[in-house]
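**Student:** Have a look at this one.
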Amino acid sequence: MPVIRLYYDDLEELVGADRDLILERLPMIGADIERLEKDYADVEFFPDRPDLYSPEGVGRAMRGFLGIRTGLPRYEISPGKIEIEIDPSVKEVRPYLSSAVVRNLEFNNPAIESLMALQEALHWGLGRNRRKVAIGVHDISRVVPPFRYLGEDPDKEFVPLDFTESLSMRDILKEHPKGMGYGHILEGFDRYPLIVDANDDVLSFPPIINGELTRVRDDTRDLFIDVTGTDRLAVKRALNIVVTSLAERSGRIEGVRIRSEEGETISPDLSPARWTIDAHEANDLIGTSLAPGEMAGCLEKMRFGARADGSKIEVAVPAYRADIMHSWDIFEDVAIGYGYENFVLEMPRTVTIGEPHPVEARKADIREVMVGLGYLETMPFTLTSERVNFEYMRRPARGETMVLHPISELHTMVRTSILPSLLEIFSINQHHPLPQRIFALGDVLVEKKTRQNLAAASIHSGADFAEIRSVVEVLFEELSMKTEINISEDGAFLEGRRADLIIEGEKRGSFGEVAPEVLLNFGLEQPAVAMEIEWDGV
Amino acid sequence: MIKNGKWEEPYLLYKKERFSIKPYDVTRPTEERTYPGKVHPYQRLIRKMREIMLEMGFTEIRGEIIQSSFWNFDALFQPQDHPAREMQDTFYLDTKAEIPDYAKVKDMHESGGDVGSAGWGGSWDPEVARREVLRTHTTAISIKYLADRPDPPVKAFSIDRAYRREAIDPTHTPEFEQLEGVIMDEGVTFRNLLGVLEQFYAKMGFEEVRFRPAYFPYTEPSVEPEVYIEGLGWVELGGAGIFRREVTAPFGIRYPVLAWGLGVSRVAMLTLGLKDLRELYQSDIGWLRETPVSLRTI
């Protein structure tokens, strides 16, 4: 999740309160303070609030939350002359574009840093790593409107950001770090998205890289912002977040006329979404008894426009909020505005009788017996490898569930048996005194079904068949399980010293003296005996 | 003779003469230690949590390790392009599952169903929902359980393993235990959820709890409880919220579902003084032997 750097001086100015108060209250709007340094704090915000991914957005929210300035923020959009045309050729690869002009900026250091950080955080949060949304910002003084957004031949050349030579779009994907990072988004398309000016000079090659020409510098005053993507709504929201954030400083927003096959629109559109909520319904969900007027007050603190009308509340949702899709999303803001610390806690009156799961109850019985027999419980991972689960055990592969893209060769499948993990535990514990006797209870996956196994093993110089046979006998007697014991073919155990456990005519486990080859596979230097049984449903 | 105690003297004399037995130095420690069989310290913590949940009237539930994406993600209103569903975070299998009638879930994702939600837009693909995964959270079990029992009241919990595609390090393991509780009933509220959480943590030995807004994709409102631990301060411990209507409505669940969960291994780290989570799974037998049964933990 995005971590936003908030410089105390800047933050105090944006909020209009002192840093101690801001930092104390900040977590209560939904934030994790990661680090407090001398000059700044690093704060993590949640994926549902991309509007908080900048100090300007945080300032706006905290002014409301602290009661300094509440209600819907208003942003003026002045009419402008800048036009951009969306050419049908870009429809297939990246159909949506929104844009705006923001003038009168003063890029002192925190402002430019926060714009860059906001852009990156939005690429992550709303943009699904630029696939869904990508944002470009440009010094508008370097280019000549009107602009065009089109699908261009990949051989078209321009100088990308941070380069001095011109490169074809095709080569940018191969040679520019951003091209290598995001080129996969354009895979399979024969025309790439491009934004050019009246002279065919390149502003941007979304979602990859801007042109060097429009680089934002310390002396940049006026910005052209393009947001492109594959989701119309997400594209608009990202633009709204960026422009309102800039307007929180000195920025003046200017509309851009967007022409396309569908007609003409003026962007950005900062009109609030209108909702009507029912105060009873909200109180019923969050467990409060707020009067509609009080509830509207809570929402105003969260920077909504809110007006009580009988038991209803008319709500205006700021255009930069990306998370309001259902009335309960607004109810949550009522609760946050009310303050989580102000809730009087109350247990629900639901009366029910607790009941353990039979499998867990059975496990407790098995534990009692195994502990009584002197065995220590272990809880190994269920992820393992074919090598350990089958090969080391001299057993044929059967019934296994492989995972796609394992993270290491140690964890390629879910175990079909627990015993190999016990032998692994022995192998890392050879420096501890013998005898060692251990057991484990837990899930195995056979033929993709979760089943319950018990495995136990004992290692010491005198370990022999009689020892494990007596454990098996005691165990099944104590658990009132009827088992038959037959001669076994299980390669994990020594021939002549191995047996199968049969329950209701079906083989459910085996036990015996661990075969010397198996001991060697696990690097063990003492004799061991072991048993395993699938007991689920028995 | 035994009754009046007169046997003692001649008996000792007899033993002394016959076997030349000397009195022991009973203050001397034994040379060879006995190691008893024991329940794993982590299992004892899990057992304590189970007992708390059972005492609070919850029914214990279990489920399959392999789940369809449908139950693991879609039923919980996770959009199909959500980053948590990507290959790099989730263990996928190369197989597909049967999924139940999905018309309502599809409609909810695409256009918000009939609960006044906007939905995610786009088109919802049943083939994506059929892909099987190792469950990434036990919430997959909870929603399935609720879908089978849409009538109130339901109070259920599980403590079981979940799987995430994470590289192993001292604070991350690719599988870990989660505790999860759900309460579904007429008239239950967010305030009730906070009340349950306070009780639960108090029973765990955490006397001071505070609540902070949070975000989880399938709950609204959402909350993160923090507990006060001497020497550490406020520590975030778990997450909670009310299942979104977009989650409950497609399964005919009409009343609010209060839900919370926490990572059990995180509690183990705090209470067993562990520095490395791997210790729980790749056990050092010395550690198991030395850790007393009556550990003053929580």
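Order determines the names: the first chain of the structure tokens is A, the second B, and so forth; residues in each chain are numbered 1 upward, and ligands are numbered 1 upward as they are shown.
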Mind running chain A against chain B at 7 Å and telling me each contacting residue's nearest atom pair with the distance in Å (one decimal), counting only C-alpha atoms, chain and number ascending, as JSON lines?
**Tutor:**
```
{"residue": "A:Pro27", "atom": "CA", "partner": "B:Arg212", "partner_atom": "CA", "distance": 6.7}
{"residue": "A:Met28", "atom": "CA", "partner": "B:Arg212", "partner_atom": "CA", "distance": 5.6}
{"residue": "A:Ile29", "atom": "CA", "partner": "B:Pro213", "partner_atom": "CA", "distance": 6.2}
{"residue": "A:Gly30", "atom": "CA", "partner": "B:Pro213", "partner_atom": "CA", "distance": 4.6}
{"residue": "A:Phe46", "atom": "CA", "partner": "B:Tyr215", "partner_atom": "CA", "distance": 6.1}
{"residue": "A:Asp48", "atom": "CA", "partner": "B:Tyr215", "partner_atom": "CA", "distance": 6.9}
{"residue": "A:Asp284", "atom": "CA", "partner": "B:Thr189", "partner_atom": "CA", "distance": 6.6}
{"residue": "A:Leu285", "atom": "CA", "partner": "B:Thr189", "partner_atom": "CA", "distance": 5.0}
{"residue": "A:Ile286", "atom": "CA", "partner": "B:Phe190", "partner_atom": "CA", "distance": 4.4}
{"residue": "A:Gly287", "atom": "CA", "partner": "B:Thr189", "partner_atom": "CA", "distance": 5.0}
{"residue": "A:Met325", "atom": "CA", "partner": "B:Ala118", "partner_atom": "CA", "distance": 5.0}
{"residue": "A:His326", "atom": "CA", "partner": "B:Ser117", "partner_atom": "CA", "distance": 4.5}
{"residue": "A:Trp328", "atom": "CA", "partner": "B:Glu220", "partner_atom": "CA", "distance": 6.4}
{"residue": "A:Asp329", "atom": "CA", "partner": "B:Glu220", "partner_atom": "CA", "distance": 6.3}
{"residue": "A:Glu332", "atom": "CA", "partner": "B:Pro221", "partner_atom": "CA", "distance": 4.7}
{"residue": "A:Ile336", "atom": "CA", "partner": "B:Pro213", "partner_atom": "CA", "distance": 6.8}
{"residue": "A:Tyr340", "atom": "CA", "partner": "B:Phe211", "partner_atom": "CA", "distance": 6.2}
{"residue": "A:Glu341", "atom": "CA", "partner": "B:Phe211", "partner_atom": "CA", "distance": 6.7}
{"residue": "A:Phe343", "atom": "CA", "partner": "B:Arg191", "partner_atom": "CA", "distance": 6.5}
{"residue": "A:Leu345", "atom": "CA", "partner": "B:Gly195", "partner_atom": "CA", "distance": 4.6}
{"residue": "A:Glu346", "atom": "CA", "partner": "B:Gly195", "partner_atom": "CA", "distance": 4.5}
{"residue": "A:Met347", "atom": "CA", "partner": "B:Gly195", "partner_atom": "CA", "distance": 4.7}
{"residue": "A:Pro348", "atom": "CA", "partner": "B:Asn192", "partner_atom": "CA", "distance": 5.1}
{"residue": "A:Thr350", "atom": "CA", "partner": "B:Asp185", "partner_atom": "CA", "distance": 6.9}
{"residue": "A:Thr352", "atom": "CA", "partner": "B:Gly57", "partner_atom": "CA", "distance": 5.2}
{"residue": "A:Ile353", "atom": "CA", "partner": "B:Gly57", "partner_atom": "CA", "distance": 4.5}
{"residue": "A:Gly354", "atom": "CA", "partner": "B:Gly57", "partner_atom": "CA", "distance": 3.7}
{"residue": "A:Glu355", "atom": "CA", "partner": "B:Thr59", "partner_atom": "CA", "distance": 4.5}
{"residue": "A:Pro356", "atom": "CA", "partner": "B:Glu60", "partner_atom": "CA", "distance": 5.0}
{"residue": "A:His357", "atom": "CA", "partner": "B:Glu60", "partner_atom": "CA", "distance": 5.1}
{"residue": "A:Val371", "atom": "CA", "partner": "B:Gly37", "partner_atom": "CA", "distance": 4.5}
{"residue": "A:Gly372", "atom": "CA", "partner": "B:Gly37", "partner_atom": "CA", "distance": 6.5}
{"residue": "A:Leu373", "atom": "CA", "partner": "B:Gly37", "partner_atom": "CA", "distance": 6.9}
{"residue": "A:Gly374", "atom": "CA", "partner": "B:Gly37", "partner_atom": "CA", "distance": 3.8}
{"residue": "A:Tyr375", "atom": "CA", "partner": "B:Gly37", "partner_atom": "CA", "distance": 4.2}
{"residue": "A:Leu376", "atom": "CA", "partner": "B:Gly37", "partner_atom": "CA", "distance": 4.5}
{"residue": "A:Glu377", "atom": "CA", "partner": "B:His40", "partner_atom": "CA", "distance": 5.0}
{"residue": "A:Thr378", "atom": "CA", "partner": "B:His40", "partner_atom": "CA", "distance": 6.0}
{"residue": "A:Met379", "atom": "CA", "partner": "B:Tyr281", "partner_atom": "CA", "distance": 5.2}
{"residue": "A:Pro380", "atom": "CA", "partner": "B:Tyr281", "partner_atom": "CA", "distance": 4.4}
{"residue": "A:Phe381", "atom": "CA", "partner": "B:Tyr281", "partner_atom": "CA", "distance": 5.9}
{"residue": "A:Met402", "atom": "CA", "partner": "B:Leu93", "partner_atom": "CA", "distance": 6.7}
{"residue": "A:Val403", "atom": "CA", "partner": "B:Leu93", "partner_atom": "CA", "distance": 5.0}
{"residue": "A:Leu404", "atom": "CA", "partner": "B:Leu93", "partner_atom": "CA", "distance": 5.4}
{"residue": "A:Ile407", "atom": "CA", "partner": "B:Ala167", "partner_atom": "CA", "distance": 6.5}
{"residue": "A:Ile425", "atom": "CA", "partner": "B:Gln282", "partner_atom": "CA", "distance": 6.5}
{"residue": "A:Asn429", "atom": "CA", "partner": "B:Ile285", "partner_atom": "CA", "distance": 6.3}
{"residue": "A:His432", "atom": "CA", "partner": "B:Gly286", "partner_atom": "CA", "distance": 6.4}
{"residue": "A:Lys448", "atom": "CA", "partner": "B:Ile66", "partner_atom": "CA", "distance": 6.9}
{"residue": "A:Lys449", "atom": "CA", "partner": "B:Glu64", "partner_atom": "CA", "distance": 7.0}
{"residue": "A:Thr450", "atom": "CA", "partner": "B:Glu64", "partner_atom": "CA", "distance": 5.6}
```
**Student:** Just list the residues in range 165-220 of chain A DSSP gives alpha helix (DSSP H) on the backbone, as a list in words.
**Tutor:**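 Restricting range 165-220 of chain A to alpha helix (DSSP H) produces Met169, Arg170, Asp171, Ile172, Leu173, Lys174, Glu175, Pro177, Lys178, Gly179, Met180, Gly181 and Tyr182 of chain A.
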**Student:** As a PyMOL selection string, list the residues of range 42-245 of chain B assigned to strand (DSSP E) by DSSP on the backbone atoms of this structure.
**Tutor:** chain B and resi 59-60+66-68+92-96+131-134+154-163+175-184+209-213+219-229+233-236+239-243
**Student:** As an exercise, work out the distance from CA of Leu6 in chain A to CA of Val227 in chain B in Å and give it to one decimal place.
**Tutor:**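 Atom-to-atom, CA of Leu6 in chain A to CA of Val227 in chain B, that is 26.1 Å.
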**Student:** For Leu475 in chain A, list every protein, DNA or RNA residue within 12 Å, evaluated using only C-alpha atoms, and leave out those in the same chain fewer than 5 positions away; present the list as number ranges by chain.
**Tutor:** A: 365-373, 454-456, 468-470, 480-483, 531-533, 535
**Student:** As number ranges by chain, please: the residues near range 68-76 of chain B (cut-off 8 Å, only C-alpha atoms, same-chain neighbours under 2 positions excluded).
**Tutor:** B: 66, 78-80, 85, 96-99, 105, 128-133, 135-137, 139-141, 143-144, 217-218, 246-247
**Student:** Would you put the residues from that selection into a file with C-alpha atoms, as a PDB file, in the first residue's frame?
**Tutor:**
```pdb
ATOM      1  CA  ILE B  66      -8.464 -26.126  -2.355  1.00  0.00           C
ATOM      2  CA  GLN B  78     -13.170  -9.049  -4.988  1.00  0.00           C
ATOM      3  CA  PRO B  79     -13.036  -7.642  -8.509  1.00  0.00           C
ATOM      4  CA  GLN B  80     -11.522 -10.010 -11.039  1.00  0.00           C
ATOM      5  CA  ARG B  85      -5.734 -12.264  -7.273  1.00  0.00           C
ATOM      6  CA  LYS B  96     -10.849 -25.679 -12.571  1.00  0.00           C
ATOM      7  CA  ALA B  97     -13.724 -26.330 -10.233  1.00  0.00           C
ATOM      8  CA  GLU B  98     -17.460 -26.660 -10.519  1.00  0.00           C
ATOM      9  CA  ILE B  99     -19.055 -23.491  -9.244  1.00  0.00           C
ATOM     10  CA  VAL B 105     -22.753 -12.892  -8.214  1.00  0.00           C
ATOM     11  CA  VAL B 128     -11.805 -16.884 -14.035  1.00  0.00           C
ATOM     12  CA  ALA B 129     -14.008 -17.826 -11.070  1.00  0.00           C
ATOM     13  CA  ARG B 130     -13.513 -21.541 -11.782  1.00  0.00           C
ATOM     14  CA  ARG B 131      -9.760 -21.432 -11.371  1.00  0.00           C
ATOM     15  CA  GLU B 132      -8.695 -23.292  -8.275  1.00  0.00           C
ATOM     16  CA  VAL B 133      -6.403 -21.888  -5.582  1.00  0.00           C
ATOM     17  CA  ARG B 135      -7.334 -20.809  -0.049  1.00  0.00           C
ATOM     18  CA  THR B 136      -5.721 -17.441   0.652  1.00  0.00           C
ATOM     19  CA  HIS B 137      -7.896 -16.854   3.695  1.00  0.00           C
ATOM     20  CA  THR B 139     -13.041 -16.245   4.820  1.00  0.00           C
ATOM     21  CA  ALA B 140     -13.658 -18.536   1.833  1.00  0.00           C
ATOM     22  CA  ILE B 141     -14.913 -21.107   4.358  1.00  0.00           C
ATOM     23  CA  ILE B 143     -18.894 -17.226   3.222  1.00  0.00           C
ATOM     24  CA  LYS B 144     -19.612 -20.738   1.966  1.00  0.00           C
ATOM     25  CA  PRO B 217     -12.354  -5.323   0.188  1.00  0.00           C
ATOM     26  CA  TYR B 218     -15.352  -7.236   1.513  1.00  0.00           C
ATOM     27  CA  GLU B 246     -22.588  -6.930  -2.354  1.00  0.00           C
ATOM     28  CA  VAL B 247     -21.190 -10.011  -0.575  1.00  0.00           C
TER      29      VAL B 247
END
```
**Student:** CA of Gly233 in chain B and CA of Val344 in chain A are how many Å apart?
**Tutor:**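 These atoms are spaced 23.1 Å apart.
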**Student:** What lies within 6 Å of range 258-261 of chain B using only C-alpha atoms, ignoring chain neighbours under 2 positions off, as an MDAnalysis selection string?
**Tutor:** chainID B and resid 179:183 193 238:242
**Student:** Rank nothing, just name the residue among B:Leu277, B:Val26, B:Val293, B:Ala249 nearest to Asp107 in chain B, using only C-alpha atoms.
**Tutor:**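 Counting only C-alpha atoms, the residue closest to Asp107 in chain B is B:Ala249.
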**Student:** With a distance cut-off of 6 Å and only C-alpha atoms, select the neighbouring residues of Val414 in chain A, excluding the residue or stretch itself and same-chain residues fewer than 5 positions from it, and output the selection as a list in words.
**Tutor:**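 Contacts, in chain order: Thr382, Leu383, Thr384 and Thr401 of chain A.
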**Student:** Kindly give the distance, in Å, that separates CA of Leu167 in chain A and CA of Gly211 in chain A, rounded to a single decimal.
**Tutor:**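 Going from CA of Leu167 in chain A over to CA of Gly211 in chain A, I get 10.6 Å.
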**Student:** Just the residues within 9 Å of Val159 in chain A, please, counting only C-alpha atoms, with nothing from its chain fewer than 6 positions along; format it as a list in words.
**Tutor:**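 Selected residues are Glu165, Ser166, Leu167, Ser168, Val202, Asn210, Gly211, Glu212 and Leu213 of chain A.
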